[in-house]
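Structure below is model-v9.cif: mmCIF, C-alpha atoms (C1' of nucleotides).
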data_protein
#
loop_
_atom_site.label_atom_id
_atom_site.label_comp_id
_atom_site.auth_asym_id
_atom_site.auth_seq_id
_atom_site.Cartn_x
_atom_site.Cartn_y
_atom_site.Cartn_z
CA MET A 1241 68.39 123.92 29.04
CA PRO A 1242 69.68 120.56 27.87
CA GLU A 1243 72.96 119.66 29.62
CA ASN A 1244 72.53 119.72 33.36
CA GLN A 1245 68.91 118.79 33.48
CA HIS A 1246 69.57 117.05 36.74
CA ASN A 1247 70.77 120.11 38.57
CA SER A 1248 68.07 122.32 37.21
CA SER A 1249 65.47 119.82 38.33
CA ASN A 1250 67.04 119.84 41.77
CA ASP A 1251 66.98 123.60 41.74
CA ASN A 1252 63.35 123.52 40.78
CA LYS A 1253 62.66 121.21 43.65
CA LEU A 1254 64.26 123.66 46.02
CA VAL A 1255 62.38 126.60 44.59
CA ASP A 1256 59.14 124.66 44.87
CA PHE A 1257 60.02 123.72 48.39
CA GLU A 1258 60.64 127.30 49.44
CA LYS A 1259 57.43 128.37 47.81
CA ARG A 1260 55.61 125.66 49.69
CA CYS A 1261 57.12 126.85 52.96
CA ARG A 1262 56.05 130.43 52.33
CA GLN A 1263 52.55 129.29 51.47
CA HIS A 1264 52.37 127.72 54.90
CA GLY A 1265 53.95 130.68 56.68
CA LEU A 1266 57.13 128.79 57.48
CA LYS A 1267 60.51 130.44 57.55
CA ILE A 1268 63.23 129.27 55.20
CA THR A 1269 65.91 128.23 57.63
CA PRO A 1270 69.18 126.58 56.63
CA GLN A 1271 68.20 123.61 58.81
CA ARG A 1272 64.91 123.14 57.01
CA VAL A 1273 66.51 123.35 53.61
CA ALA A 1274 69.32 120.99 54.61
CA VAL A 1275 66.92 118.40 55.99
CA TYR A 1276 64.80 118.62 52.88
CA LYS A 1277 67.77 118.35 50.52
CA THR A 1278 69.21 115.45 52.45
CA LEU A 1279 65.97 113.52 52.50
CA VAL A 1280 65.38 114.02 48.80
CA GLY A 1281 68.95 112.92 48.13
CA MET A 1282 68.55 109.61 49.97
CA ASP A 1283 67.07 106.78 48.01
CA THR A 1284 66.41 104.70 51.10
CA HIS A 1285 63.60 105.45 53.49
CA PRO A 1286 65.51 106.82 56.40
CA THR A 1287 64.44 107.19 59.98
CA ALA A 1288 64.84 110.60 61.62
CA GLU A 1289 68.02 109.30 63.19
CA GLU A 1290 69.47 108.35 59.80
CA VAL A 1291 68.58 111.69 58.27
CA CYS A 1292 70.17 113.44 61.22
CA GLN A 1293 73.46 111.57 60.75
CA LYS A 1294 73.63 112.66 57.14
CA VAL A 1295 72.54 116.26 57.62
CA ARG A 1296 75.41 116.68 60.04
CA ASP A 1297 77.79 116.51 57.07
CA GLU A 1298 76.39 119.90 56.24
CA ILE A 1299 75.34 121.38 59.58
CA SER A 1300 77.51 119.59 62.06
CA ASN A 1301 75.69 120.59 65.21
CA ILE A 1302 72.07 120.25 64.11
CA SER A 1303 70.05 118.62 66.85
CA LEU A 1304 68.05 115.44 66.45
CA ASP A 1305 65.10 117.32 67.82
CA THR A 1306 65.22 119.79 64.97
CA VAL A 1307 65.54 117.04 62.38
CA ASN A 1308 62.61 115.21 63.87
CA ARG A 1309 60.49 118.30 64.07
CA THR A 1310 61.42 119.34 60.56
CA LEU A 1311 60.61 115.95 59.07
CA HIS A 1312 57.18 116.12 60.64
CA THR A 1313 56.72 119.62 59.33
CA LEU A 1314 57.74 118.50 55.86
CA SER A 1315 55.15 115.77 55.83
CA GLU A 1316 52.51 118.17 57.10
CA ILE A 1317 53.05 120.51 54.19
CA GLY A 1318 53.32 117.68 51.70
CA ALA A 1319 57.02 118.02 50.97
CA ALA A 1320 57.70 114.53 52.26
CA PHE A 1321 55.80 111.43 53.21
CA VAL A 1322 55.75 108.99 56.05
CA VAL A 1323 56.09 105.45 54.76
CA GLU A 1324 52.82 103.60 55.16
CA GLY A 1325 52.06 102.58 58.70
CA THR A 1326 55.53 103.23 60.10
CA GLY A 1327 55.79 105.08 63.37
CA GLN A 1328 52.75 103.37 64.78
CA PRO A 1329 52.58 100.62 67.36
CA ARG A 1330 52.35 97.22 65.76
CA ARG A 1331 48.76 96.39 64.93
CA PHE A 1332 47.40 92.92 64.38
CA ASP A 1333 44.70 91.64 62.15
CA GLY A 1334 43.00 88.31 62.67
CA GLY A 1335 40.65 88.64 59.74
CA LEU A 1336 41.95 86.25 57.19
CA GLU A 1337 39.39 87.05 54.52
CA ASP A 1338 40.46 89.26 51.66
CA HIS A 1339 40.29 92.89 52.59
CA GLN A 1340 42.23 96.12 52.37
CA HIS A 1341 43.21 98.80 54.85
CA PHE A 1342 42.46 102.46 55.12
CA LEU A 1343 44.52 104.48 57.60
CA CYS A 1344 43.16 107.70 59.01
CA MET A 1345 46.11 110.07 59.03
CA LYS A 1346 44.59 112.08 61.83
CA CYS A 1347 43.30 109.67 64.44
CA GLY A 1348 45.46 106.72 63.39
CA LYS A 1349 42.57 104.29 63.13
CA VAL A 1350 42.89 101.48 60.61
CA ILE A 1351 39.63 100.68 58.89
CA ASP A 1352 38.96 97.60 56.78
CA PHE A 1353 37.25 97.79 53.49
CA HIS A 1354 36.78 95.34 50.73
CA HIS A 1355 36.80 96.04 47.04
CA LYS A 1356 36.92 92.81 45.08
CA PRO A 1357 39.07 94.11 42.20
CA PHE A 1358 41.80 94.88 44.76
CA ASP A 1359 42.04 91.23 45.82
CA ASN A 1360 43.97 90.11 42.81
CA ILE A 1361 46.35 92.80 41.73
CA ASP A 1362 48.50 91.76 38.89
CA ILE A 1363 52.19 91.78 39.75
CA PRO A 1364 54.53 92.25 36.81
CA ASP A 1365 57.00 89.41 36.18
CA GLU A 1366 59.86 91.85 36.57
CA LEU A 1367 59.02 92.24 40.27
CA LYS A 1368 58.33 88.55 40.79
CA GLY A 1369 61.92 87.92 39.74
CA GLN A 1370 63.37 90.46 42.13
CA PHE A 1371 61.39 89.61 45.24
CA LYS A 1372 59.53 86.77 46.80
CA ILE A 1373 56.16 88.42 47.22
CA LEU A 1374 54.19 87.10 50.17
CA ARG A 1375 51.51 89.77 50.48
CA LYS A 1376 50.12 92.36 48.16
CA THR A 1377 47.48 94.90 48.93
CA VAL A 1378 46.07 98.27 48.07
CA TYR A 1379 46.60 100.71 50.88
CA LEU A 1380 44.71 103.96 51.31
CA GLU A 1381 45.32 106.91 53.60
CA GLY A 1382 43.32 109.99 54.34
CA LEU A 1383 40.66 111.18 56.73
CA CYS A 1384 38.00 108.91 58.15
CA GLY A 1385 34.37 110.02 58.35
CA MET A 1386 34.71 111.17 61.94
CA CYS A 1387 37.84 113.25 61.38
CA MET A 1388 36.42 114.72 58.17
CA HIS A 1389 33.43 115.84 60.19
CA ILE A 1390 35.56 117.40 62.92
CA GLU A 1391 37.68 119.22 60.35
CA ASN A 1392 34.60 120.69 58.64
CA LYS A 1393 33.17 121.84 61.94
CA SER A 1394 36.39 123.63 62.92
CA ILE A 1395 36.35 125.54 59.63
CA ILE A 1396 32.80 126.74 60.24
CA GLU A 1397 33.35 127.75 63.82
CA MET B 93 23.96 72.20 59.43
CA PRO B 94 21.83 75.30 58.81
CA GLU B 95 20.96 77.11 62.07
CA ASN B 96 24.07 78.06 63.93
CA GLN B 97 26.35 78.46 60.98
CA HIS B 98 28.15 81.15 62.86
CA ASN B 99 29.24 78.98 65.72
CA SER B 100 30.21 76.11 63.54
CA SER B 101 32.33 78.45 61.44
CA ASN B 102 34.00 79.68 64.61
CA ASP B 103 34.55 76.10 65.68
CA ASN B 104 36.07 75.36 62.31
CA LYS B 105 38.38 78.30 62.72
CA LEU B 106 39.55 76.91 66.04
CA VAL B 107 40.04 73.44 64.65
CA ASP B 108 41.99 74.87 61.75
CA PHE B 109 44.02 76.93 64.14
CA GLU B 110 44.97 73.97 66.28
CA LYS B 111 45.86 72.00 63.19
CA ARG B 112 48.02 74.86 62.05
CA CYS B 113 49.81 74.92 65.40
CA ARG B 114 50.51 71.20 65.30
CA GLN B 115 51.84 71.52 61.76
CA HIS B 116 54.37 74.00 63.08
CA GLY B 117 55.20 71.98 66.17
CA LEU B 118 53.56 74.45 68.52
CA LYS B 119 51.83 73.42 71.69
CA ILE B 120 48.16 74.17 72.15
CA THR B 121 48.21 76.25 75.29
CA PRO B 122 45.17 77.95 76.77
CA GLN B 123 46.96 81.28 76.34
CA ARG B 124 47.52 80.74 72.65
CA VAL B 125 43.96 79.71 72.03
CA ALA B 126 42.63 82.65 74.04
CA VAL B 127 44.79 85.16 72.22
CA TYR B 128 43.75 83.76 68.87
CA LYS B 129 40.06 83.71 69.73
CA THR B 130 40.23 87.25 71.06
CA LEU B 131 42.02 88.63 68.04
CA VAL B 132 39.62 86.99 65.61
CA GLY B 133 36.73 88.35 67.62
CA MET B 134 37.91 91.94 67.38
CA ASP B 135 36.99 93.83 64.26
CA THR B 136 39.45 96.62 64.93
CA HIS B 137 43.17 96.25 64.42
CA PRO B 138 44.32 96.06 67.97
CA THR B 139 47.75 96.61 69.38
CA ALA B 140 49.21 93.92 71.61
CA GLU B 141 48.19 96.04 74.57
CA GLU B 142 44.58 96.14 73.44
CA VAL B 143 44.47 92.42 72.84
CA CYS B 144 46.00 91.85 76.26
CA GLN B 145 43.31 93.91 77.98
CA LYS B 146 40.62 91.85 76.35
CA VAL B 147 42.22 88.43 76.84
CA ARG B 148 42.37 89.14 80.56
CA ASP B 149 38.60 88.74 80.67
CA GLU B 150 39.36 85.09 80.13
CA ILE B 151 42.82 84.57 81.62
CA SER B 152 43.14 87.28 84.19
CA ASN B 153 46.86 87.03 84.84
CA ILE B 154 48.16 86.51 81.33
CA SER B 155 51.27 88.59 80.82
CA LEU B 156 51.65 91.22 78.15
CA ASP B 157 54.82 89.52 77.07
CA THR B 158 52.94 86.32 76.35
CA VAL B 159 50.31 88.16 74.37
CA ASN B 160 52.98 89.93 72.40
CA ARG B 161 54.94 86.79 71.75
CA THR B 162 51.84 84.87 70.82
CA LEU B 163 50.70 87.52 68.37
CA HIS B 164 54.07 87.34 66.68
CA THR B 165 53.87 83.59 66.59
CA LEU B 166 50.41 83.78 65.07
CA SER B 167 51.65 85.98 62.27
CA GLU B 168 54.60 83.70 61.67
CA ILE B 169 52.35 80.71 61.11
CA GLY B 170 49.88 82.72 59.06
CA ALA B 171 47.06 82.74 61.59
CA ALA B 172 47.18 86.53 61.83
CA PHE B 173 48.74 89.46 60.07
CA VAL B 174 50.65 92.54 61.04
CA VAL B 175 49.07 95.64 59.53
CA GLU B 176 51.32 97.07 56.84
CA GLY B 177 54.35 98.89 58.15
CA THR B 178 53.20 99.14 61.74
CA GLY B 179 55.68 98.34 64.47
CA GLN B 180 58.57 99.98 62.69
CA PRO B 181 60.25 103.26 63.49
CA ARG B 182 58.83 106.09 61.45
CA ARG B 183 60.44 106.23 58.03
CA PHE B 184 60.39 109.21 55.72
CA ASP B 185 60.28 109.41 52.00
CA GLY B 186 61.23 112.52 50.06
CA GLY B 187 60.69 111.06 46.63
CA LEU B 188 57.61 112.76 45.38
CA GLU B 189 57.50 110.96 42.05
CA ASP B 190 55.01 108.16 41.70
CA HIS B 191 56.34 104.96 43.15
CA GLN B 192 55.34 102.07 45.34
CA HIS B 193 56.87 100.33 48.33
CA PHE B 194 58.05 96.82 48.93
CA LEU B 195 58.80 95.84 52.52
CA CYS B 196 61.15 92.98 53.26
CA MET B 197 59.54 91.09 56.11
CA LYS B 198 62.89 89.76 57.23
CA CYS B 199 65.35 92.63 57.22
CA GLY B 200 62.77 95.42 57.39
CA LYS B 201 64.16 97.29 54.41
CA VAL B 202 61.70 99.33 52.34
CA ILE B 203 62.48 99.23 48.65
CA ASP B 204 60.95 101.50 46.03
CA PHE B 205 59.67 100.19 42.80
CA HIS B 206 57.62 101.68 40.07
CA HIS B 207 54.96 100.00 38.03
CA LYS B 208 53.00 102.52 36.03
CA PRO B 209 49.63 100.76 36.22
CA PHE B 210 49.81 101.08 40.01
CA ASP B 211 49.96 104.89 39.81
CA ASN B 212 46.33 105.35 39.08
CA ILE B 213 44.32 102.80 40.94
CA ASP B 214 40.66 103.30 40.50
CA ILE B 215 38.89 104.00 43.77
CA PRO B 216 35.22 103.04 43.84
CA ASP B 217 32.78 105.90 44.49
CA GLU B 218 31.50 104.06 47.53
CA LEU B 219 34.84 104.59 49.27
CA LYS B 220 35.22 108.15 48.05
CA GLY B 221 32.00 108.95 49.88
CA GLN B 222 33.12 107.35 53.14
CA PHE B 223 36.64 108.77 53.35
CA LYS B 224 38.68 111.66 52.13
CA ILE B 225 41.41 109.77 50.35
CA LEU B 226 44.74 111.58 50.32
CA ARG B 227 47.06 108.78 49.28
CA LYS B 228 46.59 105.48 47.53
CA THR B 229 49.20 102.93 46.77
CA VAL B 230 49.90 99.30 46.14
CA TYR B 231 51.96 97.82 48.92
CA LEU B 232 53.94 94.62 48.67
CA GLU B 233 55.62 92.53 51.34
CA GLY B 234 57.88 89.55 51.14
CA LEU B 235 61.56 88.74 50.96
CA CYS B 236 64.08 90.97 49.22
CA GLY B 237 66.76 89.54 46.94
CA MET B 238 69.34 89.47 49.71
CA CYS B 239 67.14 87.71 52.26
CA MET B 240 65.88 85.25 49.66
CA HIS B 241 69.51 84.39 48.95
CA ILE B 242 70.33 83.90 52.62
CA GLU B 243 67.28 81.71 53.09
CA ASN B 244 68.24 79.47 50.18
CA LYS B 245 71.79 79.12 51.45
CA SER B 246 70.64 78.06 54.90
CA ILE B 247 68.48 75.33 53.38
CA ILE B 248 71.43 73.95 51.45
CA GLU B 249 73.90 74.03 54.30
"C1'" DA C 892 68.01 148.77 59.97
"C1'" DT C 893 64.97 147.36 63.47
"C1'" DA C 894 61.82 144.84 66.04
"C1'" DC C 895 59.08 140.96 66.37
"C1'" DT C 896 58.51 136.26 66.36
"C1'" DA C 897 59.64 131.78 64.86
"C1'" DT C 898 63.09 128.65 65.30
"C1'" DT C 899 67.02 126.23 67.13
"C1'" DT C 900 69.98 124.17 70.59
"C1'" DA C 901 70.83 121.30 74.40
"C1'" DA C 902 69.73 118.99 78.28
"C1'" DT C 903 66.24 116.67 80.80
"C1'" DA C 904 62.06 114.13 81.47
"C1'" DT C 905 58.47 111.20 80.12
"C1'" DC C 906 55.90 107.66 77.83
"C1'" DT C 907 54.96 103.74 75.40
"C1'" DA C 908 56.03 99.69 72.89
"C1'" DC C 909 58.76 96.16 73.02
"C1'" DT C 910 62.37 92.84 74.40
"C1'" DC C 911 65.13 90.24 77.54
"C1'" DC C 912 65.85 87.41 81.66
"C1'" DT C 913 65.01 83.67 84.87
"C1'" DA C 914 62.47 80.65 87.67
"C1'" DT C 915 58.43 78.07 87.28
"C1'" DT C 916 54.79 75.71 84.99
"C1'" DT C 917 52.70 72.85 81.59
"C1'" DG C 918 51.79 70.39 77.10
"C1'" DT C 919 53.26 66.41 74.67
"C1'" DC C 920 55.13 62.11 73.55
"C1'" DA C 921 56.99 57.69 74.69
"C1'" DT D 777 52.89 58.17 84.25
"C1'" DG D 778 57.11 60.39 83.85
"C1'" DA D 779 60.58 63.10 81.45
"C1'" DC D 780 61.74 66.64 78.43
"C1'" DA D 781 61.26 70.58 75.89
"C1'" DA D 782 58.40 74.39 75.19
"C1'" DA D 783 55.96 78.06 77.04
"C1'" DT D 784 54.65 81.35 80.67
"C1'" DA D 785 54.72 85.08 84.41
"C1'" DG D 786 56.70 88.83 86.16
"C1'" DG D 787 59.99 92.04 86.49
"C1'" DA D 788 63.73 94.65 84.61
"C1'" DG D 789 65.80 96.88 80.78
"C1'" DT D 790 65.96 99.23 76.12
"C1'" DA D 791 64.68 102.10 72.34
"C1'" DG D 792 62.04 105.41 69.91
"C1'" DA D 793 59.32 109.31 70.03
"C1'" DT D 794 57.79 113.27 72.10
"C1'" DA D 795 57.55 117.14 75.40
"C1'" DT D 796 59.62 120.64 78.28
"C1'" DT D 797 62.61 123.92 79.47
"C1'" DA D 798 65.62 128.05 78.69
"C1'" DA D 799 68.42 130.96 76.43
"C1'" DA D 800 70.43 132.15 72.09
"C1'" DT D 801 69.83 132.80 67.20
"C1'" DA D 802 68.07 134.23 62.90
"C1'" DG D 803 64.22 134.99 59.32
"C1'" DT D 804 60.91 138.35 57.93
"C1'" DA D 805 58.03 142.35 57.50
"C1'" DT D 806 57.90 147.13 58.12
#
Translate the structure of the given file into structure tokens.
Amino acid sequence: MPENQHNSSNDNKLVDFEKRCRQHGLKITPQRVAVYKTLVGMDTHPTAEEVCQKVRDEISNISLDTVNRTLHTLSEIGAAFVVEGTGQPRRFDGGLEDHQHFLCMKCGKVIDFHHKPFDNIDIPDELKGQFKILRKTVYLEGLCGMCMHIENKSIIE
Amino acid sequence: MPENQHNSSNDNKLVDFEKRCRQHGLKITPQRVAVYKTLVGMDTHPTAEEVCQKVRDEISNISLDTVNRTLHTLSEIGAAFVVEGTGQPRRFDGGLEDHQHFLCMKCGKVIDFHHKPFDNIDIPDELKGQFKILRKTVYLEGLCGMCMHIENKSIIE
DNA sequence: ATACTATTTAATATCTACTCCTATTTGTCA
DNA sequence: TGACAAATAGGAGTAGATATTAAATAGTAT
């Protein structure tokens, strides 16, 4: 149990991943596993294109379409995440007062809210040394009231 | 001074805006003013396309390119903001451990960091009622070490 | 082992957001 | 008022993402 903790934790990840697929009725294909492994192994935040390049070390003829589709699938079942806001057309905000953003993951709407304690988050000195921080905010994602409502209705029907 | 506080505050905004333009050596064009006024007047987080539609009520033949360019200019001089992450190709993240994101506004790189106190931000009940919150994070933007370095060099040279 | 169905490939098409180009127009400053 | 640099309109071009197709492949449940 001691030694190769790293590998066993990777193995666990894979086992968890396969379990998660089964729970969602998804087949365990080599492509899916390869995309997942590759993504987890990258410490950047790759685009589908970048993941595709790397997966091809393993499955040389995997198509970009599959990688794209798989990445979306992974984020649907919670095995991966989409970095906040990316993949959406650029949105502008003229409100200069302090406020925070909530993104509805379903309809894509961005909704303002304001919670005073979020205005002045304390940044640790360690980060201040590494970066020049120009903006800091709390960012929430989930379902907005409307989409929550629609989802509940579709369960009842 | 009492009565139409609203209008006077709008006027102030415009005066401030024009001052801000002059400080940055930007001309006060009708297009710029119209785009700014329109954006400030919208309480959504419009895309350039949406702003363009609305500005055309005022300047019917303004080009989308101008609106786009102007919106970028506005965010460069701090008269508007780009909503976190938007406008970038979709980026994926397989790291399921708690961490936060820092976006370099110059090179577009997303860098992970981890600050324990950010893992469990307290969401007020008021928001919990309004939304189904699936993710919450602290999000930072600024200049990464590399871009900070480049910027300093170019000042010296 | 078999049959059923999900999945993949590959090529094409489409759409939208954005950027680039160039001639023309227009603020600004002297 | 005139000259210059900045900004704009309009069209063309690019990139990213998605959708469509078809035929081939490969998990999975029985």
**Report entry** Answer key for the PyMOL selection byres ((chain A) within 8 of (chain B)), residues as number ranges by chain
**Finding:** A: 1276, 1279-1288, 1311, 1319-1336, 1350-1351, 1355, 1364, 1370-1385, 1388
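If all atoms listed in the file are the atoms counted, then among B:Lys198, B:Lys119, B:His191, B:Lys220 the closest residue to chain D is B:Lys119.
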Query raised in the report: So how many Å separate C1' of DT777 (chain D) and CA of Thr121 (chain B), to one decimal?
Result: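 Going from C1' of DT777 (chain D) over to CA of Thr121 (chain B), I get 20.7 Å.
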Query raised in the report: Quick one: residues within 9 Å of region 789-792 of chain D, only C-alpha atoms (C1' of nucleotides) counted, chain neighbours fewer than 2 positions away excluded, as a VMD selection string?
Result: (chain B and resid 181) or (chain C and resid 908 to 911)
Please produce chain B as a tab-separated table (two decimals) with C-alpha atoms, in the coordinates of the input once it has been superposed on chain A, the fit using all Cα atoms paired in sequence order.
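Saved as part.tsv:
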chain	number	residue	atom	x	y	z
B	93	MET	CA	69.03	124.40	29.02
B	94	PRO	CA	70.36	121.00	27.92
B	95	GLU	CA	73.62	120.09	29.72
B	96	ASN	CA	73.13	120.12	33.43
B	97	GLN	CA	69.49	119.20	33.50
B	98	HIS	CA	70.11	117.41	36.73
B	99	ASN	CA	71.25	120.42	38.65
B	100	SER	CA	68.60	122.66	37.27
B	101	SER	CA	65.97	120.11	38.26
B	102	ASN	CA	67.43	120.06	41.76
B	103	ASP	CA	67.39	123.84	41.80
B	104	ASN	CA	63.78	123.78	40.73
B	105	LYS	CA	62.99	121.40	43.53
B	106	LEU	CA	64.54	123.82	46.00
B	107	VAL	CA	62.71	126.78	44.57
B	108	ASP	CA	59.47	124.86	44.70
B	109	PHE	CA	60.22	123.84	48.23
B	110	GLU	CA	60.81	127.38	49.39
B	111	LYS	CA	57.65	128.49	47.66
B	112	ARG	CA	55.79	125.73	49.41
B	113	CYS	CA	57.15	126.86	52.77
B	114	ARG	CA	56.12	130.45	52.19
B	115	GLN	CA	52.65	129.32	51.17
B	116	HIS	CA	52.33	127.66	54.55
B	117	GLY	CA	53.84	130.57	56.46
B	118	LEU	CA	57.00	128.67	57.32
B	119	LYS	CA	60.36	130.33	57.62
B	120	ILE	CA	63.18	129.27	55.35
B	121	THR	CA	65.79	128.19	57.85
B	122	PRO	CA	69.09	126.60	56.93
B	123	GLN	CA	68.07	123.55	58.95
B	124	ARG	CA	64.86	123.09	57.01
B	125	VAL	CA	66.56	123.43	53.68
B	126	ALA	CA	69.33	121.03	54.71
B	127	VAL	CA	66.90	118.41	55.95
B	128	TYR	CA	64.87	118.66	52.77
B	129	LYS	CA	67.90	118.47	50.50
B	130	THR	CA	69.27	115.51	52.41
B	131	LEU	CA	66.03	113.57	52.34
B	132	VAL	CA	65.54	114.13	48.63
B	133	GLY	CA	69.10	113.03	48.04
B	134	MET	CA	68.64	109.70	49.79
B	135	ASP	CA	67.16	106.90	47.77
B	136	THR	CA	66.44	104.76	50.80
B	137	HIS	CA	63.60	105.45	53.18
B	138	PRO	CA	65.50	106.79	56.12
B	139	THR	CA	64.41	107.11	59.69
B	140	ALA	CA	64.78	110.49	61.36
B	141	GLU	CA	67.94	109.18	62.96
B	142	GLU	CA	69.45	108.30	59.60
B	143	VAL	CA	68.56	111.65	58.11
B	144	CYS	CA	70.06	113.36	61.15
B	145	GLN	CA	73.37	111.54	60.73
B	146	LYS	CA	73.61	112.68	57.16
B	147	VAL	CA	72.48	116.28	57.69
B	148	ARG	CA	75.27	116.68	60.23
B	149	ASP	CA	77.74	116.60	57.35
B	150	GLU	CA	76.34	120.02	56.57
B	151	ILE	CA	75.15	121.38	59.91
B	152	SER	CA	77.24	119.58	62.45
B	153	ASN	CA	75.29	120.48	65.56
B	154	ILE	CA	71.74	120.15	64.30
B	155	SER	CA	69.63	118.43	66.91
B	156	LEU	CA	67.74	115.22	66.34
B	157	ASP	CA	64.65	116.94	67.60
B	158	THR	CA	64.89	119.54	64.86
B	159	VAL	CA	65.35	116.89	62.22
B	160	ASN	CA	62.39	114.99	63.55
B	161	ARG	CA	60.21	118.04	63.75
B	162	THR	CA	61.25	119.20	60.33
B	163	LEU	CA	60.51	115.84	58.75
B	164	HIS	CA	57.04	115.97	60.22
B	165	THR	CA	56.59	119.48	58.97
B	166	LEU	CA	57.72	118.42	55.51
B	167	SER	CA	55.11	115.70	55.39
B	168	GLU	CA	52.44	118.08	56.61
B	169	ILE	CA	53.07	120.47	53.74
B	170	GLY	CA	53.41	117.66	51.23
B	171	ALA	CA	57.13	117.99	50.62
B	172	ALA	CA	57.75	114.47	51.92
B	173	PHE	CA	55.82	111.39	52.87
B	174	VAL	CA	55.73	108.99	55.74
B	175	VAL	CA	56.04	105.41	54.53
B	176	GLU	CA	52.76	103.58	55.01
B	177	GLY	CA	52.02	102.62	58.58
B	178	THR	CA	55.50	103.25	59.93
B	179	GLY	CA	55.83	105.10	63.20
B	180	GLN	CA	52.85	103.41	64.77
B	181	PRO	CA	52.81	100.74	67.43
B	182	ARG	CA	52.58	97.29	65.94
B	183	ARG	CA	48.99	96.40	65.15
B	184	PHE	CA	47.69	92.90	64.57
B	185	ASP	CA	45.00	91.64	62.32
B	186	GLY	CA	43.35	88.26	62.75
B	187	GLY	CA	40.93	88.61	59.88
B	188	LEU	CA	42.22	86.24	57.30
B	189	GLU	CA	39.54	86.99	54.72
B	190	ASP	CA	40.51	89.23	51.86
B	191	HIS	CA	40.31	92.85	52.82
B	192	GLN	CA	42.20	96.09	52.57
B	193	HIS	CA	43.22	98.79	55.01
B	194	PHE	CA	42.43	102.45	55.27
B	195	LEU	CA	44.51	104.49	57.71
B	196	CYS	CA	43.15	107.73	59.11
B	197	MET	CA	46.08	110.12	59.07
B	198	LYS	CA	44.57	112.14	61.89
B	199	CYS	CA	43.36	109.73	64.53
B	200	GLY	CA	45.54	106.79	63.48
B	201	LYS	CA	42.65	104.35	63.27
B	202	VAL	CA	42.97	101.50	60.76
B	203	ILE	CA	39.68	100.65	59.11
B	204	ASP	CA	39.01	97.55	57.03
B	205	PHE	CA	37.24	97.72	53.78
B	206	HIS	CA	36.72	95.26	51.02
B	207	HIS	CA	36.68	95.93	47.34
B	208	LYS	CA	36.79	92.72	45.38
B	209	PRO	CA	38.88	94.01	42.46
B	210	PHE	CA	41.65	94.80	44.95
B	211	ASP	CA	41.92	91.14	46.01
B	212	ASN	CA	43.78	90.03	42.98
B	213	ILE	CA	46.13	92.72	41.86
B	214	ASP	CA	48.24	91.65	38.99
B	215	ILE	CA	51.93	91.68	39.81
B	216	PRO	CA	54.23	92.13	36.83
B	217	ASP	CA	56.68	89.29	36.18
B	218	GLU	CA	59.54	91.73	36.52
B	219	LEU	CA	58.76	92.15	40.22
B	220	LYS	CA	58.08	88.47	40.78
B	221	GLY	CA	61.65	87.81	39.67
B	222	GLN	CA	63.15	90.40	42.01
B	223	PHE	CA	61.22	89.57	45.18
B	224	LYS	CA	59.38	86.74	46.80
B	225	ILE	CA	56.02	88.39	47.25
B	226	LEU	CA	54.09	87.09	50.25
B	227	ARG	CA	51.43	89.76	50.58
B	228	LYS	CA	49.97	92.34	48.26
B	229	THR	CA	47.37	94.88	49.05
B	230	VAL	CA	45.95	98.24	48.18
B	231	TYR	CA	46.50	100.70	50.97
B	232	LEU	CA	44.60	103.93	51.41
B	233	GLU	CA	45.23	106.89	53.68
B	234	GLY	CA	43.21	109.96	54.43
B	235	LEU	CA	40.59	111.16	56.86
B	236	CYS	CA	37.95	108.87	58.34
B	237	GLY	CA	34.32	109.93	58.59
B	238	MET	CA	34.72	111.12	62.16
B	239	CYS	CA	37.81	113.23	61.54
B	240	MET	CA	36.34	114.66	58.34
B	241	HIS	CA	33.35	115.75	60.41
B	242	ILE	CA	35.50	117.36	63.08
B	243	GLU	CA	37.53	119.18	60.45
B	244	ASN	CA	34.42	120.61	58.81
B	245	LYS	CA	33.03	121.76	62.13
B	246	SER	CA	36.22	123.60	63.03
B	247	ILE	CA	36.11	125.48	59.74
B	248	ILE	CA	32.56	126.63	60.41
B	249	GLU	CA	33.11	127.68	63.99
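Near chain A, counting all atoms listed in the file at 10 Å, the chain D residues are D:DG792, D:DA793, D:DT794, D:DA802, D:DG803, D:DT804.
Across the model, the gap from CA of Arg1262 (chain A) to C1' of DA894 (chain C) is 20.7 Å.
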Sorted by chain and rising residue number, which residues of chain C lie within 10 Å of chain A, and what are their closest atom pairs and distances in Å to one decimal, counting all atoms listed in the file, as a tab-separated table?
residue	atom	partner	partner_atom	distance
C:DA897	C1'	A:Lys1267	CA	7.5
C:DT898	C1'	A:Thr1269	CA	8.2
C:DT899	C1'	A:Thr1306	CA	7.0
C:DT900	C1'	A:Ser1303	CA	6.7
C:DA901	C1'	A:Ser1303	CA	8.0
C:DT907	C1'	A:Pro1329	CA	8.9
C:DA908	C1'	A:Pro1329	CA	6.6
C:DC909	C1'	A:Pro1329	CA	9.5
Report task. For CA of Arg148 (chain B) and C1' of DT916 (chain C), determine how far apart the two atoms are, in Å to one decimal place. Result -> 18.8 Å
Query raised in the report: Residues at most 12 Å from DC912 (chain C), counting all atoms listed in the file, excluding those fewer than 3 positions away in the same chain, as number ranges by chain?
Result: D: 785-789
Query - Long-range neighbours of DT796 (chain D) as a list in words, 10 Å cut-off, all atoms listed in the file, 5 positions minimum in chain - result: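 My reading of the contact set: DT903, DA904 and DT905 of chain C.
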Query - Residue neighbourhood DG778 (chain D), 12 Å, all atoms listed in the file, exclusion window fewer than 5 positions, as a VMD selection string - result: chain C and resid 919 to 921
